[in-house]
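Structure file coords_32.cif (mmCIF, C-alpha atoms, pLDDT in the B column; chains and numbers go by the auth columns) is printed below.
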data_model
loop_
_atom_site.group_PDB
_atom_site.id
_atom_site.type_symbol
_atom_site.label_atom_id
_atom_site.label_comp_id
_atom_site.label_asym_id
_atom_site.label_seq_id
_atom_site.Cartn_x
_atom_site.Cartn_y
_atom_site.Cartn_z
_atom_site.B_iso_or_equiv
_atom_site.auth_seq_id
_atom_site.auth_asym_id
ATOM 1 C CA MET A 1 0.000 0.000 0.000 47.00 1 A
ATOM 2 C CA VAL A 2 1.172 3.500 -0.700 48.00 2 A
ATOM 3 C CA ARG A 3 -1.313 5.513 1.354 46.00 3 A
ATOM 4 C CA THR A 4 1.244 7.199 3.547 45.00 4 A
ATOM 5 C CA SER A 5 2.401 10.631 2.465 49.00 5 A
ATOM 6 C CA HIS A 6 5.838 9.748 3.799 51.00 6 A
ATOM 7 C CA ALA A 7 6.433 7.189 1.031 63.00 7 A
ATOM 8 C CA THR A 8 9.163 8.213 -1.358 82.00 8 A
ATOM 9 C CA GLU A 9 8.711 8.421 -5.116 83.00 9 A
ATOM 10 C CA SER A 10 10.700 5.209 -5.632 85.00 10 A
ATOM 11 C CA GLU A 11 8.669 3.387 -2.964 87.00 11 A
ATOM 12 C CA ARG A 12 5.399 4.386 -4.615 88.00 12 A
ATOM 13 C CA ARG A 13 6.625 3.228 -8.000 90.00 13 A
ATOM 14 C CA LEU A 14 7.792 -0.065 -6.529 92.00 14 A
ATOM 15 C CA VAL A 15 4.414 -0.764 -4.925 93.00 15 A
ATOM 16 C CA LEU A 16 2.680 -0.042 -8.220 94.00 16 A
ATOM 17 C CA LEU A 17 5.056 -2.346 -10.094 94.00 17 A
ATOM 18 C CA LYS A 18 4.533 -5.172 -7.617 94.00 18 A
ATOM 19 C CA SER A 19 0.780 -4.670 -7.767 95.00 19 A
ATOM 20 C CA ALA A 20 0.904 -4.756 -11.570 94.00 20 A
ATOM 21 C CA PHE A 21 2.867 -8.002 -11.475 93.00 21 A
ATOM 22 C CA ARG A 22 0.313 -9.708 -9.211 93.00 22 A
ATOM 23 C CA GLU A 23 -2.578 -8.523 -11.351 94.00 23 A
ATOM 24 C CA VAL A 24 -1.019 -9.627 -14.627 92.00 24 A
ATOM 25 C CA ALA A 25 0.025 -12.994 -13.169 91.00 25 A
ATOM 26 C CA GLU A 26 -3.544 -13.626 -12.033 92.00 26 A
ATOM 27 C CA LYS A 27 -5.565 -12.202 -14.946 91.00 27 A
ATOM 28 C CA GLY A 28 -3.300 -11.714 -17.945 89.00 28 A
ATOM 29 C CA PHE A 29 -2.182 -8.450 -19.485 88.00 29 A
ATOM 30 C CA SER A 30 -5.214 -7.976 -21.742 88.00 30 A
ATOM 31 C CA GLU A 31 -7.662 -8.295 -18.829 91.00 31 A
ATOM 32 C CA VAL A 32 -5.870 -6.031 -16.349 92.00 32 A
ATOM 33 C CA THR A 33 -6.805 -2.362 -16.100 92.00 33 A
ATOM 34 C CA LEU A 34 -5.079 0.552 -14.414 93.00 34 A
ATOM 35 C CA ASP A 35 -8.027 0.617 -12.015 93.00 35 A
ATOM 36 C CA ASP A 36 -7.216 -2.969 -10.983 94.00 36 A
ATOM 37 C CA ILE A 37 -3.591 -2.072 -10.349 94.00 37 A
ATOM 38 C CA ALA A 38 -4.462 1.098 -8.440 94.00 38 A
ATOM 39 C CA ARG A 39 -6.964 -0.775 -6.290 94.00 39 A
ATOM 40 C CA ARG A 40 -4.449 -3.437 -5.345 94.00 40 A
ATOM 41 C CA ALA A 41 -1.824 -0.787 -4.578 93.00 41 A
ATOM 42 C CA GLY A 42 -4.290 1.183 -2.449 92.00 42 A
ATOM 43 C CA VAL A 43 -4.144 4.358 -4.518 91.00 43 A
ATOM 44 C CA SER A 44 -6.310 6.172 -7.036 91.00 44 A
ATOM 45 C CA LYS A 45 -6.043 5.668 -10.771 90.00 45 A
ATOM 46 C CA GLY A 46 -4.825 9.274 -10.939 92.00 46 A
ATOM 47 C CA VAL A 47 -1.824 8.405 -8.781 91.00 47 A
ATOM 48 C CA THR A 48 -1.020 5.506 -11.092 91.00 48 A
ATOM 49 C CA LEU A 49 -1.199 7.792 -14.125 91.00 49 A
ATOM 50 C CA TYR A 50 1.087 10.257 -12.365 92.00 50 A
ATOM 51 C CA TYR A 51 3.857 7.663 -12.461 92.00 51 A
ATOM 52 C CA PHE A 52 2.954 5.827 -15.687 92.00 52 A
ATOM 53 C CA ASP A 53 1.288 7.275 -18.778 90.00 53 A
ATOM 54 C CA SER A 54 -0.390 3.999 -19.737 90.00 54 A
ATOM 55 C CA LYS A 55 -0.778 0.353 -18.869 89.00 55 A
ATOM 56 C CA GLU A 56 1.740 -0.459 -21.591 89.00 56 A
ATOM 57 C CA GLU A 57 4.349 1.841 -20.069 92.00 57 A
ATOM 58 C CA LEU A 58 3.746 0.364 -16.614 93.00 58 A
ATOM 59 C CA PHE A 59 4.087 -3.173 -17.951 92.00 59 A
ATOM 60 C CA ARG A 60 7.306 -2.299 -19.782 92.00 60 A
ATOM 61 C CA GLU A 61 8.722 -0.738 -16.615 93.00 61 A
ATOM 62 C CA LEU A 62 7.595 -3.777 -14.650 93.00 62 A
ATOM 63 C CA PHE A 63 9.655 -6.132 -16.768 93.00 63 A
ATOM 64 C CA SER A 64 12.651 -3.825 -16.774 93.00 64 A
ATOM 65 C CA TRP A 65 12.537 -3.940 -12.986 93.00 65 A
ATOM 66 C CA LEU A 66 12.039 -7.718 -12.942 92.00 66 A
ATOM 67 C CA ILE A 67 14.954 -8.207 -15.335 93.00 67 A
ATOM 68 C CA ASP A 68 17.323 -6.193 -13.171 94.00 68 A
ATOM 69 C CA SER A 69 16.214 -8.140 -10.104 93.00 69 A
ATOM 70 C CA ILE A 70 16.559 -11.522 -11.812 94.00 70 A
ATOM 71 C CA HIS A 71 19.995 -10.754 -13.205 96.00 71 A
ATOM 72 C CA ALA A 72 21.208 -9.547 -9.793 97.00 72 A
ATOM 73 C CA ARG A 73 19.970 -12.714 -8.074 95.00 73 A
ATOM 74 C CA MET A 74 21.498 -14.898 -10.768 96.00 74 A
ATOM 75 C CA ARG A 75 24.898 -13.245 -10.334 96.00 75 A
ATOM 76 C CA GLU A 76 24.668 -13.559 -6.568 96.00 76 A
ATOM 77 C CA ALA A 77 23.778 -17.270 -6.738 95.00 77 A
ATOM 78 C CA VAL A 78 26.601 -17.996 -9.171 94.00 78 A
ATOM 79 C CA ALA A 79 29.157 -15.975 -7.209 95.00 79 A
ATOM 80 C CA ALA A 80 28.395 -17.999 -4.069 96.00 80 A
ATOM 81 C CA GLU A 81 29.806 -21.157 -5.720 96.00 81 A
ATOM 82 C CA THR A 82 33.228 -21.896 -7.182 95.00 82 A
ATOM 83 C CA ASP A 83 32.608 -25.321 -8.718 97.00 83 A
ATOM 84 C CA PRO A 84 31.055 -25.050 -12.222 97.00 84 A
ATOM 85 C CA ILE A 85 28.629 -27.925 -11.630 97.00 85 A
ATOM 86 C CA GLU A 86 27.448 -26.406 -8.356 97.00 86 A
ATOM 87 C CA ARG A 87 26.983 -23.102 -10.153 97.00 87 A
ATOM 88 C CA ILE A 88 24.610 -24.782 -12.596 97.00 88 A
ATOM 89 C CA ARG A 89 22.735 -26.363 -9.703 97.00 89 A
ATOM 90 C CA ALA A 90 22.493 -23.019 -7.934 97.00 90 A
ATOM 91 C CA LEU A 91 21.121 -21.453 -11.108 96.00 91 A
ATOM 92 C CA VAL A 92 18.495 -24.170 -11.508 97.00 92 A
ATOM 93 C CA ALA A 93 17.450 -23.795 -7.863 96.00 93 A
ATOM 94 C CA LEU A 94 17.081 -20.059 -8.370 95.00 94 A
ATOM 95 C CA ILE A 95 15.057 -20.358 -11.560 94.00 95 A
ATOM 96 C CA PHE A 96 12.861 -23.158 -10.176 95.00 96 A
ATOM 97 C CA PRO A 97 12.143 -21.819 -6.644 94.00 97 A
ATOM 98 C CA SER A 98 8.572 -23.110 -6.169 96.00 98 A
ATOM 99 C CA PRO A 99 5.409 -23.923 -8.148 96.00 99 A
ATOM 100 C CA SER A 100 3.593 -20.777 -7.023 95.00 100 A
ATOM 101 C CA LYS A 101 6.470 -18.392 -7.800 94.00 101 A
ATOM 102 C CA ASN A 102 7.236 -20.008 -11.150 94.00 102 A
ATOM 103 C CA ARG A 103 3.587 -20.028 -12.176 93.00 103 A
ATOM 104 C CA ALA A 104 3.198 -16.328 -11.372 92.00 104 A
ATOM 105 C CA PHE A 105 6.360 -15.228 -13.163 92.00 105 A
ATOM 106 C CA PHE A 106 6.053 -17.326 -16.301 90.00 106 A
ATOM 107 C CA ARG A 107 2.365 -16.570 -16.816 89.00 107 A
ATOM 108 C CA ALA A 108 3.275 -12.877 -16.832 91.00 108 A
ATOM 109 C CA PHE A 109 6.385 -13.562 -18.925 91.00 109 A
ATOM 110 C CA VAL A 110 4.377 -15.348 -21.618 90.00 110 A
ATOM 111 C CA ASP A 111 2.175 -12.260 -21.940 90.00 111 A
ATOM 112 C CA PHE A 112 5.250 -10.083 -22.144 91.00 112 A
ATOM 113 C CA CYS A 113 6.821 -12.223 -24.884 90.00 113 A
ATOM 114 C CA GLY A 114 3.643 -11.872 -26.918 90.00 114 A
ATOM 115 C CA LEU A 115 3.927 -8.096 -26.716 89.00 115 A
ATOM 116 C CA ALA A 116 7.668 -8.240 -27.454 91.00 116 A
ATOM 117 C CA ALA A 117 6.936 -10.102 -30.686 91.00 117 A
ATOM 118 C CA ARG A 118 4.814 -7.190 -31.930 90.00 118 A
ATOM 119 C CA ARG A 119 6.052 -3.991 -30.287 90.00 119 A
ATOM 120 C CA GLU A 120 9.568 -2.607 -30.563 91.00 120 A
ATOM 121 C CA ALA A 121 9.717 -1.080 -27.068 88.00 121 A
ATOM 122 C CA PHE A 122 8.890 -4.424 -25.483 91.00 122 A
ATOM 123 C CA ARG A 123 11.229 -6.302 -27.817 92.00 123 A
ATOM 124 C CA GLU A 124 14.154 -4.191 -26.626 93.00 124 A
ATOM 125 C CA VAL A 125 13.439 -5.078 -22.991 92.00 125 A
ATOM 126 C CA ASN A 126 13.136 -8.765 -23.858 93.00 126 A
ATOM 127 C CA GLU A 127 16.391 -8.583 -25.808 94.00 127 A
ATOM 128 C CA ARG A 128 18.106 -7.112 -22.756 94.00 128 A
ATOM 129 C CA PHE A 129 16.746 -9.911 -20.590 94.00 129 A
ATOM 130 C CA TYR A 130 18.114 -12.670 -22.803 94.00 130 A
ATOM 131 C CA ALA A 131 21.412 -10.903 -23.415 95.00 131 A
ATOM 132 C CA GLY A 132 21.997 -10.716 -19.665 95.00 132 A
ATOM 133 C CA CYS A 133 20.988 -14.329 -19.124 95.00 133 A
ATOM 134 C CA ARG A 134 23.232 -15.572 -21.918 93.00 134 A
ATOM 135 C CA ALA A 135 26.140 -13.601 -20.498 94.00 135 A
ATOM 136 C CA ILE A 136 25.700 -15.135 -17.048 96.00 136 A
ATOM 137 C CA ASP A 137 25.055 -18.650 -18.362 96.00 137 A
ATOM 138 C CA GLY A 138 27.945 -18.350 -20.802 95.00 138 A
ATOM 139 C CA GLY A 139 30.230 -17.152 -18.012 95.00 139 A
ATOM 140 C CA ILE A 140 29.503 -20.313 -16.044 96.00 140 A
ATOM 141 C CA VAL A 141 30.257 -22.412 -19.109 97.00 141 A
ATOM 142 C CA GLU A 142 33.472 -20.556 -19.868 96.00 142 A
ATOM 143 C CA ASP A 143 34.656 -21.089 -16.296 96.00 143 A
ATOM 144 C CA GLY A 144 33.795 -24.788 -16.543 97.00 144 A
ATOM 145 C CA MET A 145 35.670 -25.103 -19.832 96.00 145 A
ATOM 146 C CA ARG A 146 38.721 -23.363 -18.378 95.00 146 A
ATOM 147 C CA LYS A 147 38.705 -25.781 -15.434 96.00 147 A
ATOM 148 C CA GLY A 148 38.344 -28.797 -17.710 96.00 148 A
ATOM 149 C CA VAL A 149 34.876 -29.703 -16.390 97.00 149 A
ATOM 150 C CA PHE A 150 32.622 -28.928 -19.364 97.00 150 A
ATOM 151 C CA ALA A 151 33.178 -30.407 -22.826 95.00 151 A
ATOM 152 C CA VAL A 152 31.303 -27.898 -25.002 93.00 152 A
ATOM 153 C CA ARG A 153 33.305 -25.725 -27.396 90.00 153 A
ATOM 154 C CA ASP A 154 31.445 -22.425 -27.616 94.00 154 A
ATOM 155 C CA PRO A 155 30.400 -20.718 -24.366 94.00 155 A
ATOM 156 C CA ARG A 156 28.096 -18.245 -26.158 93.00 156 A
ATOM 157 C CA GLU A 157 26.232 -20.990 -27.957 95.00 157 A
ATOM 158 C CA ALA A 158 26.120 -23.078 -24.787 95.00 158 A
ATOM 159 C CA GLY A 159 24.699 -20.163 -22.802 94.00 159 A
ATOM 160 C CA SER A 160 21.916 -19.796 -25.367 94.00 160 A
ATOM 161 C CA THR A 161 21.207 -23.527 -25.285 96.00 161 A
ATOM 162 C CA ILE A 162 21.031 -23.553 -21.486 96.00 162 A
ATOM 163 C CA ARG A 163 18.470 -20.755 -21.604 94.00 163 A
ATOM 164 C CA ALA A 164 16.459 -22.696 -24.202 95.00 164 A
ATOM 165 C CA ILE A 165 16.354 -25.704 -21.859 97.00 165 A
ATOM 166 C CA PHE A 166 15.144 -23.513 -19.012 96.00 166 A
ATOM 167 C CA ASP A 167 12.410 -21.866 -21.062 94.00 167 A
ATOM 168 C CA GLY A 168 11.333 -24.980 -22.938 95.00 168 A
ATOM 169 C CA LEU A 169 10.863 -27.105 -19.849 96.00 169 A
ATOM 170 C CA MET A 170 9.140 -24.269 -18.007 95.00 170 A
ATOM 171 C CA MET A 171 6.632 -23.837 -20.831 93.00 171 A
ATOM 172 C CA GLN A 172 5.915 -27.563 -20.848 95.00 172 A
ATOM 173 C CA TRP A 173 5.488 -27.540 -17.072 96.00 173 A
ATOM 174 C CA LEU A 174 2.910 -24.743 -17.333 94.00 174 A
ATOM 175 C CA ALA A 175 0.794 -27.047 -19.506 94.00 175 A
ATOM 176 C CA GLU A 176 0.678 -29.801 -16.858 96.00 176 A
ATOM 177 C CA ARG A 177 -2.620 -30.467 -15.097 95.00 177 A
ATOM 178 C CA ASP A 178 -1.033 -30.750 -11.650 97.00 178 A
ATOM 179 C CA LEU A 179 1.631 -28.062 -11.408 96.00 179 A
ATOM 180 C CA GLU A 180 2.457 -28.813 -7.787 96.00 180 A
ATOM 181 C CA ALA A 181 3.018 -32.549 -8.247 97.00 181 A
ATOM 182 C CA SER A 182 4.949 -32.253 -11.522 97.00 182 A
ATOM 183 C CA PHE A 183 7.245 -29.425 -10.435 97.00 183 A
ATOM 184 C CA PRO A 184 10.037 -31.465 -8.741 97.00 184 A
ATOM 185 C CA ALA A 185 10.384 -33.735 -11.776 97.00 185 A
ATOM 186 C CA TYR A 186 10.737 -30.785 -14.147 97.00 186 A
ATOM 187 C CA ARG A 187 13.290 -29.112 -11.905 97.00 187 A
ATOM 188 C CA GLU A 188 15.336 -32.323 -11.642 97.00 188 A
ATOM 189 C CA ARG A 189 15.050 -32.881 -15.385 97.00 189 A
ATOM 190 C CA CYS A 190 16.234 -29.349 -16.117 97.00 190 A
ATOM 191 C CA GLU A 191 19.371 -29.793 -14.032 97.00 191 A
ATOM 192 C CA ARG A 192 20.031 -33.236 -15.500 97.00 192 A
ATOM 193 C CA GLN A 193 19.587 -32.135 -19.124 97.00 193 A
ATOM 194 C CA ILE A 194 21.841 -29.089 -18.752 97.00 194 A
ATOM 195 C CA LEU A 195 24.601 -31.088 -17.114 97.00 195 A
ATOM 196 C CA THR A 196 24.253 -33.883 -19.695 96.00 196 A
ATOM 197 C CA TYR A 197 24.694 -31.267 -22.399 96.00 197 A
ATOM 198 C CA LEU A 198 27.721 -29.661 -20.747 97.00 198 A
ATOM 199 C CA LEU A 199 29.652 -32.608 -19.350 96.00 199 A
ATOM 200 C CA PRO A 200 31.830 -35.001 -21.381 92.00 200 A
ATOM 201 C CA ALA A 201 29.937 -37.881 -22.963 75.00 201 A
ATOM 202 C CA THR A 202 29.785 -41.055 -20.897 67.00 202 A
ATOM 203 C CA PRO A 203 31.940 -43.836 -22.399 58.00 203 A
ATOM 204 C CA GLY A 204 29.832 -46.143 -24.524 54.00 204 A
ATOM 205 C CA LYS A 205 27.194 -43.506 -25.290 50.00 205 A
ATOM 206 C CA GLY A 206 28.948 -41.779 -28.132 47.00 206 A
ATOM 207 C CA GLU A 207 31.020 -38.661 -28.340 47.00 207 A
ATOM 208 C CA ARG A 208 29.781 -35.115 -27.990 47.00 208 A
ATOM 209 C CA ARG A 209 29.530 -33.278 -31.253 40.00 209 A
#

How does this structure look as structure tokens?
Amino acid sequence: MVRTSHATESERRLVLLKSAFREVAEKGFSEVTLDDIARRAGVSKGVTLYYFDSKEELFRELFSWLIDSIHARMREAVAAETDPIERIRALVALIFPSPSKNRAFFRAFVDFCGLAARREAFREVNERFYAGCRAIDGGIVEDGMRKGVFAVRDPREAGSTIRAIFDGLMMQWLAERDLEASFPAYRERCERQILTYLLPATPGKGERR
């Protein structure tokens, strides 16, 4: 809530962004109105329009904020480990925190990707998201290659592939009937598939290309 007059400008914006995220995660971008967001934040629609000219601008700012937060948490999780394999595991744990958190984020993210496919301003934000993720993922791979742990040859390509595994499995999980029950298996599968891709081929199962 931002009813107190003592709230700073940044605090008011943050409450509105968080309120927008909850609304979009629950209803979808097309169904959410500025009135819905203002109501959840405990302010008038006029206050919302003071900070954001439109729902589109608010949504774009929302994902810019989410991207910065996600990238910061990814870097923190990776920095806490020194072993390349443990860094991958830390990344998977961060990206698959819980069924409720993953459902909320990826439902909103799917809406955002739809907008990014059609509108340049949203595409630029989405491009920044993936560029940051590939840099972090690729950094883990490069470190693993330098230490002789990972067998892939191109850290940039590997970083992109890792992100594709994350997104692909998450999208498939969202289609499951029982999200709660299926979540652990998808998280375990994500970690296993990434490590299978990165690590040297097991003798007898062919060589990595």

Expected residue set, 12 Å radius at (7.1, 0.3, -8.6), only C-alpha atoms, as a PyMOL selection string
chain A and resi 1-2+7-21+37-38+41+48+51-52+57-66

Point (-2.6, -12.3, -10.0) neighbourhood (12 Å, only C-alpha atoms) written as a VMD selection string
chain A and resid 18 to 29 31 to 32 36 to 37 40 100 to 101 103 to 108

Can those selected residues be exported to a file as a PDB file, in the coordinates of the input so that it contains C-alpha atoms?
ATOM      1  CA  LYS A  18       4.533  -5.172  -7.617  1.00 94.00           C
ATOM      2  CA  SER A  19       0.780  -4.670  -7.767  1.00 95.00           C
ATOM      3  CA  ALA A  20       0.904  -4.756 -11.570  1.00 94.00           C
ATOM      4  CA  PHE A  21       2.867  -8.002 -11.475  1.00 93.00           C
ATOM      5  CA  ARG A  22       0.313  -9.708  -9.211  1.00 93.00           C
ATOM      6  CA  GLU A  23      -2.578  -8.523 -11.351  1.00 94.00           C
ATOM      7  CA  VAL A  24      -1.019  -9.627 -14.627  1.00 92.00           C
ATOM      8  CA  ALA A  25       0.025 -12.994 -13.169  1.00 91.00           C
ATOM      9  CA  GLU A  26      -3.544 -13.626 -12.033  1.00 92.00           C
ATOM     10  CA  LYS A  27      -5.565 -12.202 -14.946  1.00 91.00           C
ATOM     11  CA  GLY A  28      -3.300 -11.714 -17.945  1.00 89.00           C
ATOM     12  CA  PHE A  29      -2.182  -8.450 -19.485  1.00 88.00           C
ATOM     13  CA  GLU A  31      -7.662  -8.295 -18.829  1.00 91.00           C
ATOM     14  CA  VAL A  32      -5.870  -6.031 -16.349  1.00 92.00           C
ATOM     15  CA  ASP A  36      -7.216  -2.969 -10.983  1.00 94.00           C
ATOM     16  CA  ILE A  37      -3.591  -2.072 -10.349  1.00 94.00           C
ATOM     17  CA  ARG A  40      -4.449  -3.437  -5.345  1.00 94.00           C
ATOM     18  CA  SER A 100       3.593 -20.777  -7.023  1.00 95.00           C
ATOM     19  CA  LYS A 101       6.470 -18.392  -7.800  1.00 94.00           C
ATOM     20  CA  ARG A 103       3.587 -20.028 -12.176  1.00 93.00           C
ATOM     21  CA  ALA A 104       3.198 -16.328 -11.372  1.00 92.00           C
ATOM     22  CA  PHE A 105       6.360 -15.228 -13.163  1.00 92.00           C
ATOM     23  CA  PHE A 106       6.053 -17.326 -16.301  1.00 90.00           C
ATOM     24  CA  ARG A 107       2.365 -16.570 -16.816  1.00 89.00           C
ATOM     25  CA  ALA A 108       3.275 -12.877 -16.832  1.00 91.00           C
TER      26      ALA A 108
END

Return the single residue from A:Gly42, A:Gly114, A:Gly159, A:Gly132 that is closest to Leu198 (chain A), with distances computed using all atoms listed in the file.
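When distances to Leu198 (chain A) are compared using all atoms listed in the file, the smallest one comes from A:Gly159.
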
Give the padded box for region 135-138 of chain A as JSON: axis-aligned, covering all atoms listed in the file, 4 Å on each side, centre and edge lengths in Å to one decimal.
{"center_x": 26.5, "center_y": -16.1, "center_z": -18.9, "size_x": 10.9, "size_y": 13.0, "size_z": 11.8}

Do you know which residues are at most 9 Å from region 67-74 of chain A counting all atoms listed in the file, after dropping those on the same chain fewer than 6 positions away, and could you put them as number ranges by chain?
A: 90-91, 94-95, 125-126, 128-129, 132-133, 136

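Among the candidate residues A:Gly144, A:Gly139, A:Gly46, A:Pro99, the one lying nearest to Ala181 (chain A) is A:Pro99, with distances computed using all atoms listed in the file.
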
From the list A:Ala121, A:Ile88, A:Phe150, A:Glu157, the nearest residue to Cys190 (chain A) using only C-alpha atoms is A:Ile88

Compare A:Arg163, A:Ser30, A:Cys113, A:Val92 by their minimum atom-to-atom distance to Gly138 (chain A), counting all atoms listed in the file, and give me the closest one.
A:Arg163

List the residues matched by the PyMOL selection byres ((chain A and resi 155) around 9) in the displayed structure as a list in words, ordered by chain and then by residue number.
Asp137, Gly138, Gly139, Ile140, Val141, Glu142, Met145, Val152, Arg153, Asp154, Arg156, Glu157, Ala158, Gly159 and Ser160 of chain A

From the options A:Thr33, A:Ser98, A:Thr82, A:Ser54, which residue's atoms come nearest to Pro184 (chain A), counting all atoms listed in the file?
A:Ser98

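Here CA of Asp143 (chain A) is placed at a distance of 8.9 Å from CA of Asp83 (chain A).
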